[in-house]
file run_6.csv (CSV, C-alpha atoms)
chain,number,residue,atom,x,y,z
A,1,MET,CA,2.7,-0.2,-24.1
A,2,TRP,CA,2.3,-0.4,-20.3
A,3,PRO,CA,3.3,-3.7,-18.7
A,4,SER,CA,0.6,-5.7,-16.9
A,5,PHE,CA,1.3,-6.3,-13.2
A,6,ALA,CA,-1.5,-8.8,-12.4
A,7,GLY,CA,-0.5,-12.4,-12.2
A,8,SER,CA,0.5,-15.3,-10.1
A,9,ASP,CA,3.9,-13.8,-9.0
A,10,THR,CA,2.4,-10.7,-7.6
A,11,THR,CA,-0.4,-12.6,-5.9
A,12,ALA,CA,2.1,-15.0,-4.4
A,13,ILE,CA,4.4,-12.1,-3.2
A,14,THR,CA,1.4,-10.4,-1.6
A,15,LEU,CA,0.1,-13.5,0.2
A,16,ARG,CA,3.6,-14.4,1.3
A,17,SER,CA,4.1,-10.9,2.8
A,18,ILE,CA,0.9,-11.0,4.7
A,19,PHE,CA,1.4,-14.5,6.1
A,20,PHE,CA,5.1,-13.8,6.9
A,21,HIS,CA,4.4,-10.7,8.9
A,22,LEU,CA,1.4,-12.2,10.7
A,23,LEU,CA,3.5,-15.2,11.7
A,24,LYS,CA,6.4,-13.0,12.7
A,25,ASN,CA,4.1,-11.0,14.9
A,26,PRO,CA,2.1,-13.4,17.1
A,27,ASP,CA,0.0,-10.7,18.8
A,28,THR,CA,-1.1,-9.4,15.4
A,29,TYR,CA,-1.8,-12.9,14.2
A,30,GLU,CA,-3.9,-13.6,17.3
A,31,LYS,CA,-5.9,-10.4,16.7
A,32,ALA,CA,-6.6,-11.3,13.1
A,33,VAL,CA,-7.6,-14.9,14.0
A,34,ALA,CA,-9.9,-13.7,16.8
A,35,GLU,CA,-11.6,-11.2,14.4
A,36,ALA,CA,-12.1,-14.0,11.8
A,37,ARG,CA,-13.5,-16.4,14.4
A,38,SER,CA,-16.0,-13.9,15.7
A,39,ALA,CA,-17.0,-12.5,12.3
A,40,ASN,CA,-20.6,-13.0,11.2
A,41,VAL,CA,-20.1,-15.0,8.0
A,42,SER,CA,-22.6,-17.0,6.0
A,43,SER,CA,-20.4,-20.1,5.6
A,44,ASP,CA,-16.9,-21.6,6.1
A,45,LEU,CA,-15.7,-19.6,3.2
A,46,VAL,CA,-15.6,-15.8,3.8
A,47,THR,CA,-16.9,-13.8,0.8
A,48,TYR,CA,-15.2,-10.7,-0.4
A,49,SER,CA,-18.0,-8.4,1.0
A,50,GLU,CA,-17.8,-10.2,4.4
A,51,SER,CA,-14.0,-9.7,4.5
A,52,LEU,CA,-14.5,-6.0,4.0
A,53,GLU,CA,-16.3,-6.0,7.4
A,54,MET,CA,-13.2,-7.4,9.1
A,55,HIS,CA,-11.4,-4.2,9.6
A,56,TYR,CA,-8.4,-5.6,11.3
A,57,LEU,CA,-7.9,-8.2,8.6
A,58,GLN,CA,-8.2,-5.4,6.0
A,59,ALA,CA,-5.5,-3.4,7.9
A,60,CYS,CA,-3.3,-6.5,7.9
A,61,ILE,CA,-3.7,-6.9,4.2
A,62,LYS,CA,-2.9,-3.2,3.5
A,63,GLU,CA,0.1,-3.4,5.8
A,64,GLY,CA,1.4,-6.6,4.1
A,65,LEU,CA,1.0,-4.9,0.7
A,66,ARG,CA,2.8,-1.8,2.1
A,67,MET,CA,5.7,-3.8,3.6
A,68,GLN,CA,6.4,-5.9,0.5
A,69,PRO,CA,5.1,-4.1,-2.6
A,70,ALA,CA,4.6,-6.8,-5.2
A,71,VAL,CA,5.9,-4.6,-8.0
A,72,GLY,CA,9.7,-4.2,-7.9
A,73,MET,CA,10.0,-1.8,-10.8
A,74,LEU,CA,9.3,1.9,-11.2
A,75,LEU,CA,5.7,2.8,-11.7
A,76,GLU,CA,5.8,5.2,-14.6
A,77,ARG,CA,3.6,8.1,-15.5
A,78,ILE,CA,3.7,10.6,-18.3
A,79,VAL,CA,3.6,14.3,-17.2
A,80,PRO,CA,0.4,15.9,-18.5
A,81,SER,CA,0.4,18.5,-21.2
A,82,GLU,CA,0.6,21.5,-18.8
A,83,GLY,CA,3.7,20.1,-17.2
A,84,MET,CA,4.1,20.0,-13.4
A,85,ASN,CA,6.2,21.2,-10.5
A,86,LEU,CA,7.7,18.7,-8.1
A,87,ASP,CA,9.3,20.1,-5.0
A,88,GLY,CA,10.1,23.4,-6.9
A,89,VAL,CA,11.4,21.7,-10.0
A,90,HIS,CA,9.5,22.1,-13.3
A,91,VAL,CA,9.0,18.9,-15.2
A,92,PRO,CA,8.0,19.4,-18.8
A,93,ALA,CA,5.0,17.8,-20.5
A,94,GLY,CA,5.6,14.4,-21.9
A,95,THR,CA,8.4,13.5,-19.5
A,96,ILE,CA,8.2,10.0,-18.1
A,97,ILE,CA,8.6,10.0,-14.3
A,98,GLY,CA,8.6,7.0,-12.0
A,99,ILE,CA,8.3,6.2,-8.4
A,100,ASN,CA,9.7,3.2,-6.6
A,101,PRO,CA,6.9,1.5,-4.6
A,102,TRP,CA,9.4,0.4,-1.9
A,103,VAL,CA,10.4,4.1,-1.3
A,104,ALA,CA,6.8,5.2,-1.3
A,105,ALA,CA,5.9,2.5,1.3
A,106,ARG,CA,8.5,3.7,3.7
A,107,ASP,CA,7.6,7.4,3.5
A,108,THR,CA,7.7,8.5,7.2
A,109,ASN,CA,5.7,11.6,6.4
A,110,ALA,CA,2.8,9.4,5.4
A,111,TYR,CA,3.2,6.3,7.6
A,112,GLY,CA,5.1,7.7,10.7
A,113,ALA,CA,8.5,7.2,12.2
A,114,ASP,CA,7.8,3.5,12.5
A,115,ALA,CA,7.3,3.1,8.7
A,116,ASP,CA,9.7,0.2,8.6
A,117,GLU,CA,7.6,-1.8,11.0
A,118,PHE,CA,4.6,-4.0,10.3
A,119,ARG,CA,1.9,-2.4,12.3
A,120,PRO,CA,-1.7,-2.8,10.9
A,121,GLU,CA,-3.1,-0.6,13.7
A,122,ARG,CA,-1.7,2.4,11.8
A,123,TRP,CA,-4.6,2.0,9.4
A,124,LEU,CA,-7.2,1.9,12.2
A,125,GLU,CA,-5.8,4.6,14.5
A,126,ALA,CA,-5.1,7.3,11.8
A,127,SER,CA,-7.1,10.5,11.8
A,128,PRO,CA,-9.2,11.0,8.6
A,129,GLU,CA,-6.5,13.4,7.3
A,130,LYS,CA,-3.7,11.0,8.1
A,131,LEU,CA,-5.6,8.1,6.5
A,132,LYS,CA,-6.2,10.1,3.4
A,133,LEU,CA,-2.4,10.8,3.1
A,134,MET,CA,-1.6,7.2,3.8
A,135,GLU,CA,-4.0,6.0,1.1
A,136,ARG,CA,-2.8,8.6,-1.3
A,137,ASN,CA,0.8,7.2,-0.9
A,138,PHE,CA,-0.4,3.6,-0.9
A,139,LEU,CA,0.4,2.5,-4.4
A,140,ALA,CA,-1.6,-0.7,-4.1
A,141,VAL,CA,-4.7,1.4,-3.8
A,142,SER,CA,-4.0,4.5,-5.7
A,143,LEU,CA,-1.3,4.7,-8.3
A,144,CYS,CA,-1.9,8.4,-9.1
A,145,GLY,CA,-1.2,10.0,-5.7
A,146,LEU,CA,2.4,11.3,-5.8
A,147,SER,CA,3.9,13.1,-2.9
A,148,VAL,CA,6.6,15.7,-3.3
A,149,ASP,CA,8.3,14.2,-0.3
A,150,ILE,CA,9.0,11.0,-2.2
A,151,GLN,CA,12.1,10.5,-4.4
A,152,LEU,CA,11.1,10.6,-8.1
A,153,MET,CA,13.2,9.5,-10.9
A,154,VAL,CA,13.1,11.6,-14.1
A,155,PHE,CA,14.1,9.9,-17.3
call {"tool": "encode", "arguments": {"input": "run_6.csv", "output": "structure tokens"}}
result
Amino acid sequence: MWPSFAGSDTTAITLRSIFFHLLKNPDTYEKAVAEARSANVSSDLVTYSESLEMHYLQACIKEGLRMQPAVGMLLERIVPSEGMNLDGVHVPAGTIIGINPWVAARDTNAYGADADEFRPERWLEASPEKLKLMERNFLAVSLCGLSVDIQLMVF
């Protein structure tokens, strides 16, 4: 049975990370506030679909999730029936492998040399190819994209 990761703790961790990094970076905070104030919204409460049009806010959310992944345990997967090769090592079918979301979030191949820094602009400045790589490694969006450049634990 796979554990469930949705809940109040993970939501609180995510919100705390986003707010912490925005408050720690005043220029970033000001950009996010300016975008929110200038957004074309239907009421005082921003709907989900309206928030999707706030590209800088979305980048701040992704960056907050990347900097402080809410799940602190390995995200496990079972190797498919045909087995797989990871960085030249054959992993047999049925093997449980796992990836640490903190390690994946600091992958400099995906996020750049400044992967340890909160920089929402990375999500807006990336080329389509780089963005695809970033999103593939971004475990909050896609839990199935493993990179051979990331440390995997084999059980």
call {"tool": "closest_residue", "arguments": {"input": "run_6.csv", "among": "A:Ala59, A:Ile13, A:Ile78, A:Val33", "to": "A:Glu125", "atoms": "all atoms listed in the file"}}
result
A:Ala59
call {"tool": "residues_around", "arguments": {"input": "run_6.csv", "residues": "A:Leu22", "least_positions_apart": "2", "cutoff": "10 Å", "atoms": "all atoms listed in the file", "output": "VMD selection string"}}
result
chain A and resid 16 to 20 24 to 33 60 to 61 64 118 to 120
call {"tool": "closest_residue", "arguments": {"input": "run_6.csv", "among": "A:Pro80, A:Ser49, A:Ile97, A:Met134", "to": "A:Ala115", "atoms": "all atoms listed in the file"}}
result
A:Met134
call {"tool": "atom_distance", "arguments": {"input": "run_6.csv", "atom1": "atom CA of A:His55", "atom2": "atom CA of A:Pro101"}}
result
23.9 Å
call {"tool": "closest_residue", "arguments": {"input": "run_6.csv", "among": "A:Val91, A:Glu63, A:Asn85, A:Arg136", "to": "A:Trp123", "atoms": "all atoms listed in the file"}}
result
A:Glu63
call {"tool": "closest_residue", "arguments": {"input": "run_6.csv", "among": "A:Arg66, A:Ser43, A:Pro128, A:Ala34", "to": "A:Thr14", "atoms": "all atoms listed in the file"}}
result
A:Arg66
call {"tool": "residues_near_point", "arguments": {"input": "run_6.csv", "point": "(11.2, 1.5, -15.0)", "cutoff": "9 Å", "atoms": "only C-alpha atoms", "output": "MDAnalysis selection string"}}
result
chainID A and resid 73:76 97:100
call {"tool": "write_last_selection", "arguments": {"input": "run_6.csv", "atoms": "C-alpha atoms", "output": "CSV table (one decimal), in the frame of the given file"}}
result
chain,number,residue,atom,x,y,z
A,73,MET,CA,10.0,-1.8,-10.8
A,74,LEU,CA,9.3,1.9,-11.2
A,75,LEU,CA,5.7,2.8,-11.7
A,76,GLU,CA,5.8,5.2,-14.6
A,97,ILE,CA,8.6,10.0,-14.3
A,98,GLY,CA,8.6,7.0,-12.0
A,99,ILE,CA,8.3,6.2,-8.4
A,100,ASN,CA,9.7,3.2,-6.6
call {"tool": "atom_distance", "arguments": {"input": "run_6.csv", "atom1": "atom CA of A:Phe138", "atom2": "atom CA of A:Ala126"}}
result
14.0 Å
call {"tool": "closest_residue", "arguments": {"input": "run_6.csv", "among": "A:Ser8, A:Gln68, A:Ser42, A:Thr47", "to": "A:Asp116", "atoms": "only C-alpha atoms"}}
result
A:Gln68
call {"tool": "atom_distance", "arguments": {"input": "run_6.csv", "atom1": "atom CA of A:Ala113", "atom2": "atom CA of A:Met67"}}
result
14.2 Å
